[in-house]
>>> print(open('query38.cif').read())   # mmCIF, C-alpha atoms and all ligand atoms
data_model
#
loop_
_atom_site.label_atom_id
_atom_site.label_comp_id
_atom_site.auth_asym_id
_atom_site.auth_seq_id
_atom_site.Cartn_x
_atom_site.Cartn_y
_atom_site.Cartn_z
CA MET A 1 -18.56 -16.10 16.36
CA ARG A 2 -16.95 -16.21 12.95
CA ARG A 3 -15.14 -19.46 12.25
CA LYS A 4 -11.90 -18.84 10.41
CA LEU A 5 -11.55 -19.88 6.77
CA ILE A 6 -8.32 -20.58 4.93
CA ALA A 7 -8.66 -20.91 1.17
CA GLY A 8 -5.81 -21.93 -1.12
CA ASN A 9 -6.04 -20.26 -4.52
CA TRP A 10 -3.92 -22.40 -6.81
CA LYS A 11 -4.35 -19.99 -9.75
CA MET A 12 -3.10 -21.49 -13.05
CA ASN A 13 -0.87 -24.08 -11.40
CA GLY A 14 -0.94 -27.83 -11.03
CA SER A 15 -0.99 -31.10 -12.91
CA GLN A 16 -2.75 -34.34 -12.06
CA GLN A 17 0.48 -35.66 -10.58
CA ALA A 18 1.33 -32.49 -8.64
CA ASN A 19 -2.23 -32.18 -7.30
CA THR A 20 -2.15 -35.74 -5.97
CA ALA A 21 1.18 -35.17 -4.23
CA LEU A 22 0.08 -31.84 -2.74
CA LEU A 23 -3.19 -33.20 -1.38
CA GLU A 24 -1.62 -36.36 -0.02
CA ALA A 25 0.76 -34.21 2.00
CA LEU A 26 -1.91 -31.75 3.01
CA LEU A 27 -4.82 -33.94 4.04
CA PRO A 28 -3.39 -35.37 7.28
CA ALA A 29 -2.24 -31.91 8.35
CA VAL A 30 -5.59 -30.21 7.86
CA THR A 31 -7.44 -32.88 9.78
CA ASP A 32 -6.32 -31.10 12.96
CA ALA A 33 -7.21 -27.61 11.81
CA GLN A 34 -9.84 -25.68 13.77
CA ALA A 35 -10.52 -23.53 10.74
CA GLU A 36 -12.53 -24.37 7.67
CA VAL A 37 -10.09 -25.12 4.85
CA ALA A 38 -10.72 -24.97 1.12
CA VAL A 39 -8.64 -25.61 -1.98
CA ILE A 40 -9.37 -23.75 -5.21
CA PRO A 41 -7.83 -25.53 -8.20
CA PRO A 42 -8.23 -24.67 -11.90
CA PHE A 43 -11.55 -25.78 -13.44
CA VAL A 44 -10.05 -28.74 -15.25
CA TYR A 45 -8.85 -30.32 -12.01
CA LEU A 46 -12.02 -29.82 -9.96
CA ALA A 47 -13.27 -33.35 -10.61
CA GLN A 48 -9.90 -34.87 -9.78
CA VAL A 49 -9.55 -32.85 -6.60
CA ALA A 50 -13.15 -33.57 -5.57
CA GLU A 51 -12.31 -37.27 -5.77
CA LEU A 52 -9.04 -36.89 -3.84
CA ILE A 53 -10.64 -34.97 -0.96
CA ARG A 54 -13.80 -37.05 -0.74
CA GLY A 55 -14.64 -37.84 2.89
CA SER A 56 -12.19 -35.26 4.25
CA LYS A 57 -13.07 -31.89 5.76
CA LEU A 58 -11.37 -30.02 2.92
CA GLN A 59 -13.82 -27.95 0.92
CA LEU A 60 -13.69 -27.32 -2.80
CA GLY A 61 -13.85 -23.97 -4.54
CA ALA A 62 -13.50 -22.61 -8.06
CA GLN A 63 -11.58 -19.57 -9.25
CA ASN A 64 -14.25 -18.02 -11.46
CA LEU A 65 -17.67 -18.66 -12.97
CA ALA A 66 -19.81 -17.42 -15.83
CA ALA A 67 -21.99 -14.38 -15.23
CA ALA A 68 -24.66 -16.12 -17.28
CA THR A 69 -26.97 -18.52 -15.49
CA GLY A 70 -28.57 -21.61 -16.94
CA ALA A 71 -26.98 -23.33 -19.90
CA GLY A 72 -26.43 -22.36 -23.49
CA ALA A 73 -24.22 -20.81 -26.12
CA TYR A 74 -21.35 -19.40 -24.03
CA THR A 75 -18.27 -21.07 -25.51
CA GLY A 76 -15.48 -21.44 -23.00
CA GLU A 77 -17.57 -20.52 -19.97
CA VAL A 78 -18.31 -22.60 -16.87
CA SER A 79 -21.60 -22.07 -15.05
CA GLY A 80 -22.26 -21.95 -11.35
CA ASP A 81 -24.53 -24.97 -11.66
CA MET A 82 -21.64 -26.98 -13.15
CA LEU A 83 -19.46 -26.04 -10.19
CA THR A 84 -22.15 -27.13 -7.73
CA ASP A 85 -22.53 -30.33 -9.72
CA LEU A 86 -18.82 -31.08 -9.18
CA GLY A 87 -19.04 -30.49 -5.43
CA CYS A 88 -17.85 -26.91 -5.13
CA ARG A 89 -19.05 -24.93 -2.15
CA LEU A 90 -17.13 -21.70 -2.83
CA VAL A 91 -16.26 -19.62 -5.85
CA LEU A 92 -13.89 -16.66 -6.13
CA VAL A 93 -15.46 -13.63 -7.74
CA GLY A 94 -13.61 -10.54 -8.89
CA HIS A 95 -10.08 -11.62 -8.06
CA SER A 96 -7.75 -8.74 -8.91
CA GLU A 97 -6.21 -10.79 -11.73
CA ARG A 98 -9.68 -11.18 -13.26
CA ARG A 99 -10.26 -7.46 -12.87
CA SER A 100 -6.90 -6.32 -14.25
CA LEU A 101 -6.12 -8.98 -16.89
CA TYR A 102 -9.63 -9.85 -18.08
CA GLY A 103 -11.43 -6.56 -17.69
CA GLU A 104 -13.93 -7.58 -15.03
CA THR A 105 -15.72 -4.44 -13.91
CA ASP A 106 -17.71 -3.92 -10.73
CA ALA A 107 -20.84 -4.64 -12.80
CA VAL A 108 -19.46 -7.96 -14.04
CA VAL A 109 -18.44 -8.87 -10.51
CA ALA A 110 -21.94 -8.06 -9.24
CA ALA A 111 -23.49 -10.25 -11.94
CA LYS A 112 -21.16 -13.11 -11.03
CA VAL A 113 -22.06 -12.78 -7.35
CA GLN A 114 -25.71 -13.19 -8.32
CA ALA A 115 -24.86 -16.16 -10.57
CA ALA A 116 -22.96 -17.81 -7.70
CA LEU A 117 -25.85 -17.34 -5.28
CA ALA A 118 -28.32 -18.66 -7.84
CA ALA A 119 -26.22 -21.85 -7.99
CA GLN A 120 -26.16 -22.16 -4.17
CA LEU A 121 -22.43 -21.33 -4.07
CA VAL A 122 -20.80 -19.08 -1.50
CA PRO A 123 -19.16 -16.23 -3.41
CA VAL A 124 -15.75 -15.11 -2.12
CA VAL A 125 -15.76 -11.52 -3.33
CA CYS A 126 -12.26 -10.14 -3.81
CA ILE A 127 -11.59 -6.43 -3.39
CA GLY A 128 -8.48 -4.32 -2.94
CA GLU A 129 -6.62 -1.21 -4.00
CA THR A 130 -3.58 -0.86 -6.26
CA GLU A 131 -0.30 0.61 -5.09
CA GLN A 132 -1.12 3.88 -6.86
CA GLU A 133 -4.56 4.09 -5.27
CA ARG A 134 -3.02 3.58 -1.83
CA ALA A 135 -0.37 6.23 -2.55
CA ASP A 136 -3.16 8.60 -3.59
CA GLY A 137 -5.06 8.02 -0.34
CA GLU A 138 -7.90 6.22 -2.11
CA THR A 139 -7.72 2.84 -0.38
CA GLU A 140 -10.95 3.15 1.58
CA SER A 141 -12.95 4.70 -1.23
CA VAL A 142 -11.86 2.06 -3.75
CA VAL A 143 -12.60 -0.81 -1.40
CA GLU A 144 -15.97 0.69 -0.45
CA ARG A 145 -16.95 1.17 -4.10
CA GLN A 146 -15.99 -2.41 -5.03
CA LEU A 147 -17.77 -3.78 -1.99
CA ARG A 148 -21.04 -1.86 -2.35
CA ALA A 149 -21.28 -2.83 -6.02
CA ALA A 150 -20.93 -6.52 -5.13
CA LEU A 151 -23.40 -6.42 -2.22
CA ASP A 152 -26.41 -5.41 -4.25
CA GLY A 153 -29.11 -8.03 -3.69
CA VAL A 154 -27.16 -10.36 -1.37
CA ALA A 155 -29.16 -9.75 1.82
CA GLY A 156 -29.87 -12.98 3.66
CA ARG A 157 -27.30 -15.00 1.72
CA GLU A 158 -23.91 -16.25 2.86
CA LEU A 159 -20.90 -14.66 1.25
CA VAL A 160 -17.25 -14.13 2.13
CA ILE A 161 -15.16 -11.03 1.45
CA ALA A 162 -11.45 -11.23 0.64
CA TYR A 163 -9.47 -8.03 1.05
CA GLU A 164 -6.42 -8.38 -1.15
CA PRO A 165 -4.32 -5.26 -1.67
CA VAL A 166 -3.13 -5.62 -5.26
CA TRP A 167 0.39 -4.49 -4.33
CA ALA A 168 0.66 -7.40 -1.89
CA ILE A 169 -0.43 -10.17 -4.26
CA GLY A 170 2.44 -12.40 -5.33
CA THR A 171 4.99 -9.75 -4.36
CA GLY A 172 6.13 -10.86 -0.92
CA ASN A 173 5.05 -7.40 0.33
CA THR A 174 2.42 -8.38 2.85
CA ALA A 175 0.28 -5.66 4.40
CA THR A 176 1.18 -5.22 8.05
CA PRO A 177 -1.42 -6.57 10.46
CA GLU A 178 -2.31 -2.94 11.34
CA GLN A 179 -2.66 -1.89 7.69
CA ALA A 180 -4.84 -4.89 6.96
CA GLN A 181 -6.97 -4.47 10.09
CA ALA A 182 -7.64 -0.82 9.24
CA VAL A 183 -9.16 -1.82 5.90
CA HIS A 184 -10.97 -4.84 7.36
CA ALA A 185 -12.59 -2.52 9.92
CA LYS A 186 -13.77 -0.31 7.06
CA VAL A 187 -15.13 -3.35 5.21
CA ARG A 188 -16.90 -4.45 8.40
CA SER A 189 -18.57 -1.08 8.75
CA VAL A 190 -19.79 -1.09 5.14
CA LEU A 191 -21.07 -4.65 5.61
CA GLY A 192 -22.97 -3.48 8.69
CA ASP A 193 -24.40 -0.55 6.79
CA VAL A 194 -25.67 -2.73 3.93
CA LEU A 195 -26.45 -6.02 5.68
CA GLY A 196 -27.18 -4.97 9.26
CA GLU A 197 -26.55 -7.70 11.86
CA ALA A 198 -25.39 -10.14 9.17
CA GLY A 199 -22.38 -7.89 8.59
CA GLN A 200 -20.99 -9.08 11.92
CA ALA A 201 -21.26 -12.72 10.87
CA THR A 202 -19.65 -12.23 7.45
CA ARG A 203 -16.09 -13.45 7.20
CA ILE A 204 -13.44 -11.09 5.83
CA LEU A 205 -10.29 -12.87 4.63
CA TYR A 206 -6.93 -11.24 4.06
CA GLY A 207 -4.97 -12.11 0.94
CA GLY A 208 -1.65 -10.95 -0.45
CA SER A 209 1.58 -12.79 0.31
CA MET A 210 0.16 -14.49 3.38
CA ASN A 211 2.67 -17.14 4.41
CA ALA A 212 3.62 -19.50 7.21
CA GLY A 213 5.55 -16.74 8.97
CA ASN A 214 3.01 -13.92 8.94
CA ALA A 215 -0.36 -15.69 9.04
CA ALA A 216 -0.73 -15.87 12.83
CA ALA A 217 -0.09 -12.15 13.37
CA LEU A 218 -2.51 -11.19 10.60
CA MET A 219 -5.24 -13.47 11.92
CA ALA A 220 -4.79 -12.16 15.46
CA GLN A 221 -6.45 -8.93 14.28
CA PRO A 222 -10.10 -8.64 15.32
CA ASP A 223 -11.58 -8.36 11.82
CA ILE A 224 -9.28 -10.78 9.95
CA ASP A 225 -11.23 -14.01 9.73
CA GLY A 226 -8.82 -16.10 7.70
CA GLY A 227 -6.79 -15.99 4.53
CA LEU A 228 -6.92 -16.31 0.78
CA VAL A 229 -3.53 -17.81 0.07
CA GLY A 230 -1.90 -18.00 -3.35
CA GLY A 231 1.76 -18.97 -3.61
CA ALA A 232 2.01 -20.53 -0.16
CA SER A 233 -0.99 -22.78 -0.85
CA LEU A 234 1.10 -24.73 -3.36
CA LYS A 235 3.51 -25.85 -0.63
CA ALA A 236 1.87 -28.44 1.60
CA GLN A 237 3.93 -27.70 4.69
CA ASP A 238 3.48 -23.93 4.46
CA PHE A 239 -0.24 -24.19 3.78
CA ALA A 240 -0.67 -26.61 6.66
CA THR A 241 1.13 -24.21 8.99
CA ILE A 242 -1.22 -21.40 7.93
CA CYS A 243 -4.27 -23.62 8.48
CA LEU A 244 -3.10 -24.57 11.97
CA ALA A 245 -2.41 -20.92 12.80
CA ALA A 246 -6.09 -20.14 12.21
CA THR A 247 -7.55 -20.61 15.68
CA ASP A 248 -10.75 -19.09 17.04
P1 LIG A 301 -0.43 -14.65 -3.01
O1 LIG A 301 -1.85 -14.61 -3.80
O2 LIG A 301 -0.70 -15.32 -1.70
O3 LIG A 301 0.47 -15.44 -3.90
O4 LIG A 301 0.00 -13.23 -2.83
C1 LIG A 301 -3.04 -14.35 -3.11
C2 LIG A 301 -4.18 -14.28 -4.09
O5 LIG A 301 -3.99 -13.75 -5.20
O6 LIG A 301 -5.29 -14.76 -3.81
#
>>> encode(input="query38.cif", output="structure tokens")
Amino acid sequence: MRRKLIAGNWKMNGSQQANTALLEALLPAVTDAQAEVAVIPPFVYLAQVAELIRGSKLQLGAQNLAAATGAGAYTGEVSGDMLTDLGCRLVLVGHSERRSLYGETDAVVAAKVQAALAAQLVPVVCIGETEQERADGETESVVERQLRAALDGVAGRELVIAYEPVWAIGTGNTATPEQAQAVHAKVRSVLGDVLGEAGQATRILYGGSMNAGNAAALMAQPDIDGGLVGGASLKAQDFATICLAATD
């Protein structure tokens, strides 16, 4: 069975004070969650958040990592080993904002997946089509291309896929459970093709305006194994409701 995972992607939000308040409100609520729960703050707050969640079941993730491994002359970059050092278990790779705003190609994403695995992190590989690609009937081909590129050389390693239709991110336009399930089923079949049996054990999260009102219906779909939550993860009550909606 696939245990559900709810991950809160804080994006470029937060302050030391706001993070403390958010986690204080969140921690008691997530104690009761059946799902695995992770928070994904900006790099600069990882150490603070690691301290605040110490001893709890909340997991820590990062939003990005360097494609380069090891250490060296990469000004402004943060390595996978540094994230592991701070207690991260997960790292987002290829979020659509990284792809669209910072030019991350499928090749960059693939390199970052390898860098994450080399640092013993679980990569959360983000894929998804734009509104135009969906209108042009290209949803499945885009998602398959992004996925196959990222899966090169991952056999035998744990990873998580996040299907996030770009048109649903931060827009309030959530995919319907049926729309999301259709793509998740496609992702599952590609995972099976590349990874064999392990494709069945790989979690596929949905992301894109998941909120307290729609999370349960989305996660009732057979291939939706949790959520990657942006805006709603900044509101303790809403995020807690989503976590509690994630039952096996
Ligand atoms: P959203 O963001 O929940 O605010 O749509 C999701 C994401 O970008 O991971």
>>> closest_residue(input="query38.cif", among="A:Met82, A:Ala50, A:Ala116, A:Ile127", to="ligand LIG 301 (chain A)", atoms="all atoms listed in the file")
A:Ile127
>>> atom_distance(input="query38.cif", atom1="atom CA of A:Leu86", atom2="atom CA of A:Phe43")
10.0 Å
>>> residues_near_ligand(input="query38.cif", ligand="ligand LIG 301 (chain A)", cutoff="7 Å", atoms="only C-alpha atoms and all ligand atoms", output="MDAnalysis selection string")
chainID A and resid 9 164 168:172 207:210 228:232
>>> residues_near_point(input="query38.cif", point="(0.0, -11.2, 11.3)", cutoff="12 Å", atoms="all atoms listed in the file", output="PyMOL selection string")
chain A and resi 174-181+206-227+242+245-246
>>> residues_near_point(input="query38.cif", point="(-22.6, -4.9, 6.6)", cutoff="12 Å", atoms="all atoms listed in the file", output="PyMOL selection string")
chain A and resi 144+147-148+150-152+154-156+159-161+184-204
>>> closest_residue(input="query38.cif", among="A:Glu129, A:Glu77, A:Asp136, A:Asp238", to="A:Ser96", atoms="all atoms listed in the file")
A:Glu129
>>> atom_distance(input="query38.cif", atom1="atom CA of A:Val124", atom2="atom CA of A:Leu92")
4.7 Å
>>> residues_around(input="query38.cif", residues="A:Gln59", least_positions_apart="2", cutoff="7 Å", atoms="only C-alpha atoms", output="VMD selection string")
chain A and resid 37 to 39 57 61 89
>>> closest_residue(input="query38.cif", among="A:Ala33, A:Val93, A:Leu52, A:Ala18", to="A:Lys4", atoms="all atoms listed in the file")
A:Ala33
>>> closest_residue(input="query38.cif", among="A:Ala29, A:Met12, A:Leu60, A:Leu65", to="A:Pro42", atoms="all atoms listed in the file")
A:Met12
>>> closest_residue(input="query38.cif", among="A:Gln63, A:Thr247, A:Asn19, A:Asn173", to="A:Asp32", atoms="all atoms listed in the file")
A:Thr247
>>> closest_residue(input="query38.cif", among="A:Val108, A:Val143, A:Ala7, A:Leu23", to="A:Lys235", atoms="all atoms listed in the file")
A:Leu23
>>> atom_distance(input="query38.cif", atom1="atom CA of A:Leu244", atom2="atom CA of A:Ala47")
26.3 Å
>>> axis_aligned_box(input="query38.cif", around="stretch 109-124 of chain A", padding_each_side="3 Å", output="AutoDock Vina command-line options")
--center_x -22.0 --center_y -15.1 --center_z -6.7 --size_x 18.6 --size_y 20.1 --size_z 16.4
>>> residues_around(input="query38.cif", residues="A:Thr84", least_positions_apart="3", cutoff="12 Å", atoms="all atoms listed in the file", output="ChimeraX atom specification")
/A:46-47,50,60-62,65,78-81,87-91,115-122
>>> decode(input="query38.cif", residues="stretch 155-183 of chain A", atoms="N, CA, C and O atoms", output="PDB file, in the first residue's frame")
ATOM      1  N   ALA A 155      16.138   3.658 -11.046  1.00  0.00           N
ATOM      2  CA  ALA A 155      15.661   2.322 -10.652  1.00  0.00           C
ATOM      3  C   ALA A 155      16.201   1.940  -9.276  1.00  0.00           C
ATOM      4  O   ALA A 155      17.384   2.139  -8.979  1.00  0.00           O
ATOM      5  N   GLY A 156      15.323   1.430  -8.443  1.00  0.00           N
ATOM      6  CA  GLY A 156      15.731   0.960  -7.123  1.00  0.00           C
ATOM      7  C   GLY A 156      15.788   2.043  -6.063  1.00  0.00           C
ATOM      8  O   GLY A 156      16.042   1.754  -4.897  1.00  0.00           O
ATOM      9  N   ARG A 157      15.526   3.284  -6.451  1.00  0.00           N
ATOM     10  CA  ARG A 157      15.580   4.388  -5.479  1.00  0.00           C
ATOM     11  C   ARG A 157      14.175   4.922  -5.222  1.00  0.00           C
ATOM     12  O   ARG A 157      13.318   4.879  -6.098  1.00  0.00           O
ATOM     13  N   GLU A 158      13.973   5.459  -4.014  1.00  0.00           N
ATOM     14  CA  GLU A 158      12.668   6.057  -3.723  1.00  0.00           C
ATOM     15  C   GLU A 158      12.568   7.437  -4.345  1.00  0.00           C
ATOM     16  O   GLU A 158      13.490   8.257  -4.231  1.00  0.00           O
ATOM     17  N   LEU A 159      11.456   7.684  -5.011  1.00  0.00           N
ATOM     18  CA  LEU A 159      11.155   9.046  -5.443  1.00  0.00           C
ATOM     19  C   LEU A 159       9.646   9.229  -5.411  1.00  0.00           C
ATOM     20  O   LEU A 159       8.894   8.256  -5.272  1.00  0.00           O
ATOM     21  N   VAL A 160       9.223  10.476  -5.474  1.00  0.00           N
ATOM     22  CA  VAL A 160       7.809  10.833  -5.453  1.00  0.00           C
ATOM     23  C   VAL A 160       7.559  11.685  -6.696  1.00  0.00           C
ATOM     24  O   VAL A 160       8.425  12.472  -7.090  1.00  0.00           O
ATOM     25  N   ILE A 161       6.407  11.483  -7.320  1.00  0.00           N
ATOM     26  CA  ILE A 161       6.026  12.322  -8.459  1.00  0.00           C
ATOM     27  C   ILE A 161       4.928  13.275  -8.002  1.00  0.00           C
ATOM     28  O   ILE A 161       4.041  12.879  -7.240  1.00  0.00           O
ATOM     29  N   ALA A 162       4.993  14.525  -8.436  1.00  0.00           N
ATOM     30  CA  ALA A 162       3.894  15.461  -8.186  1.00  0.00           C
ATOM     31  C   ALA A 162       3.358  15.928  -9.527  1.00  0.00           C
ATOM     32  O   ALA A 162       4.086  16.570 -10.295  1.00  0.00           O
ATOM     33  N   TYR A 163       2.111  15.570  -9.801  1.00  0.00           N
ATOM     34  CA  TYR A 163       1.458  16.078 -11.012  1.00  0.00           C
ATOM     35  C   TYR A 163       0.788  17.401 -10.669  1.00  0.00           C
ATOM     36  O   TYR A 163      -0.125  17.451  -9.848  1.00  0.00           O
ATOM     37  N   GLU A 164       1.283  18.462 -11.279  1.00  0.00           N
ATOM     38  CA  GLU A 164       0.739  19.788 -11.016  1.00  0.00           C
ATOM     39  C   GLU A 164       0.438  20.486 -12.343  1.00  0.00           C
ATOM     40  O   GLU A 164       1.338  21.051 -12.971  1.00  0.00           O
ATOM     41  N   PRO A 165      -0.825  20.434 -12.780  1.00  0.00           N
ATOM     42  CA  PRO A 165      -1.164  21.168 -13.996  1.00  0.00           C
ATOM     43  C   PRO A 165      -0.860  22.662 -13.789  1.00  0.00           C
ATOM     44  O   PRO A 165      -1.293  23.242 -12.783  1.00  0.00           O
ATOM     45  N   VAL A 166      -0.089  23.234 -14.684  1.00  0.00           N
ATOM     46  CA  VAL A 166       0.379  24.608 -14.479  1.00  0.00           C
ATOM     47  C   VAL A 166      -0.802  25.576 -14.343  1.00  0.00           C
ATOM     48  O   VAL A 166      -0.758  26.523 -13.548  1.00  0.00           O
ATOM     49  N   TRP A 167      -1.871  25.309 -15.088  1.00  0.00           N
ATOM     50  CA  TRP A 167      -3.044  26.186 -15.062  1.00  0.00           C
ATOM     51  C   TRP A 167      -3.792  26.122 -13.732  1.00  0.00           C
ATOM     52  O   TRP A 167      -4.660  26.955 -13.463  1.00  0.00           O
ATOM     53  N   ALA A 168      -3.466  25.154 -12.905  1.00  0.00           N
ATOM     54  CA  ALA A 168      -4.154  25.020 -11.612  1.00  0.00           C
ATOM     55  C   ALA A 168      -3.338  25.609 -10.466  1.00  0.00           C
ATOM     56  O   ALA A 168      -3.848  25.779  -9.357  1.00  0.00           O
ATOM     57  N   ILE A 169      -2.053  25.910 -10.727  1.00  0.00           N
ATOM     58  CA  ILE A 169      -1.185  26.358  -9.636  1.00  0.00           C
ATOM     59  C   ILE A 169      -1.458  27.817  -9.285  1.00  0.00           C
ATOM     60  O   ILE A 169      -1.319  28.704 -10.135  1.00  0.00           O
ATOM     61  N   GLY A 170      -1.875  28.034  -8.046  1.00  0.00           N
ATOM     62  CA  GLY A 170      -2.070  29.388  -7.545  1.00  0.00           C
ATOM     63  C   GLY A 170      -3.235  30.134  -8.187  1.00  0.00           C
ATOM     64  O   GLY A 170      -3.353  31.348  -8.042  1.00  0.00           O
ATOM     65  N   THR A 171      -4.078  29.415  -8.909  1.00  0.00           N
ATOM     66  CA  THR A 171      -5.157  30.072  -9.651  1.00  0.00           C
ATOM     67  C   THR A 171      -6.526  29.870  -9.029  1.00  0.00           C
ATOM     68  O   THR A 171      -7.476  30.552  -9.388  1.00  0.00           O
ATOM     69  N   GLY A 172      -6.639  28.888  -8.133  1.00  0.00           N
ATOM     70  CA  GLY A 172      -7.966  28.531  -7.619  1.00  0.00           C
ATOM     71  C   GLY A 172      -8.709  27.600  -8.559  1.00  0.00           C
ATOM     72  O   GLY A 172      -9.783  27.103  -8.228  1.00  0.00           O
ATOM     73  N   ASN A 173      -8.158  27.349  -9.752  1.00  0.00           N
ATOM     74  CA  ASN A 173      -8.777  26.419 -10.709  1.00  0.00           C
ATOM     75  C   ASN A 173      -8.215  25.016 -10.509  1.00  0.00           C
ATOM     76  O   ASN A 173      -7.299  24.612 -11.199  1.00  0.00           O
ATOM     77  N   THR A 174      -8.763  24.306  -9.568  1.00  0.00           N
ATOM     78  CA  THR A 174      -8.271  22.947  -9.318  1.00  0.00           C
ATOM     79  C   THR A 174      -8.719  22.028 -10.450  1.00  0.00           C
ATOM     80  O   THR A 174      -9.813  22.186 -10.976  1.00  0.00           O
ATOM     81  N   ALA A 175      -7.877  21.065 -10.803  1.00  0.00           N
ATOM     82  CA  ALA A 175      -8.344  20.011 -11.707  1.00  0.00           C
ATOM     83  C   ALA A 175      -9.467  19.258 -11.002  1.00  0.00           C
ATOM     84  O   ALA A 175      -9.452  19.120  -9.777  1.00  0.00           O
ATOM     85  N   THR A 176     -10.443  18.781 -11.762  1.00  0.00           N
ATOM     86  CA  THR A 176     -11.464  17.943 -11.124  1.00  0.00           C
ATOM     87  C   THR A 176     -10.802  16.621 -10.721  1.00  0.00           C
ATOM     88  O   THR A 176      -9.777  16.232 -11.296  1.00  0.00           O
ATOM     89  N   PRO A 177     -11.394  15.914  -9.777  1.00  0.00           N
ATOM     90  CA  PRO A 177     -10.822  14.614  -9.406  1.00  0.00           C
ATOM     91  C   PRO A 177     -10.674  13.700 -10.627  1.00  0.00           C
ATOM     92  O   PRO A 177      -9.673  12.986 -10.757  1.00  0.00           O
ATOM     93  N   GLU A 178     -11.629  13.756 -11.551  1.00  0.00           N
ATOM     94  CA  GLU A 178     -11.575  12.885 -12.741  1.00  0.00           C
ATOM     95  C   GLU A 178     -10.448  13.311 -13.678  1.00  0.00           C
ATOM     96  O   GLU A 178      -9.734  12.475 -14.224  1.00  0.00           O
ATOM     97  N   GLN A 179     -10.304  14.629 -13.867  1.00  0.00           N
ATOM     98  CA  GLN A 179      -9.197  15.116 -14.718  1.00  0.00           C
ATOM     99  C   GLN A 179      -7.850  14.702 -14.121  1.00  0.00           C
ATOM    100  O   GLN A 179      -6.952  14.255 -14.831  1.00  0.00           O
ATOM    101  N   ALA A 180      -7.724  14.896 -12.821  1.00  0.00           N
ATOM    102  CA  ALA A 180      -6.457  14.571 -12.174  1.00  0.00           C
ATOM    103  C   ALA A 180      -6.195  13.065 -12.248  1.00  0.00           C
ATOM    104  O   ALA A 180      -5.103  12.634 -12.623  1.00  0.00           O
ATOM    105  N   GLN A 181      -7.215  12.271 -11.932  1.00  0.00           N
ATOM    106  CA  GLN A 181      -7.028  10.809 -11.943  1.00  0.00           C
ATOM    107  C   GLN A 181      -6.605  10.320 -13.326  1.00  0.00           C
ATOM    108  O   GLN A 181      -5.759   9.425 -13.441  1.00  0.00           O
ATOM    109  N   ALA A 182      -7.174  10.902 -14.367  1.00  0.00           N
ATOM    110  CA  ALA A 182      -6.829  10.458 -15.728  1.00  0.00           C
ATOM    111  C   ALA A 182      -5.328  10.617 -15.964  1.00  0.00           C
ATOM    112  O   ALA A 182      -4.673   9.731 -16.525  1.00  0.00           O
ATOM    113  N   VAL A 183      -4.770  11.745 -15.524  1.00  0.00           N
ATOM    114  CA  VAL A 183      -3.335  11.957 -15.737  1.00  0.00           C
ATOM    115  C   VAL A 183      -2.523  11.083 -14.779  1.00  0.00           C
ATOM    116  O   VAL A 183      -1.488  10.526 -15.162  1.00  0.00           O
TER     117      VAL A 183
END
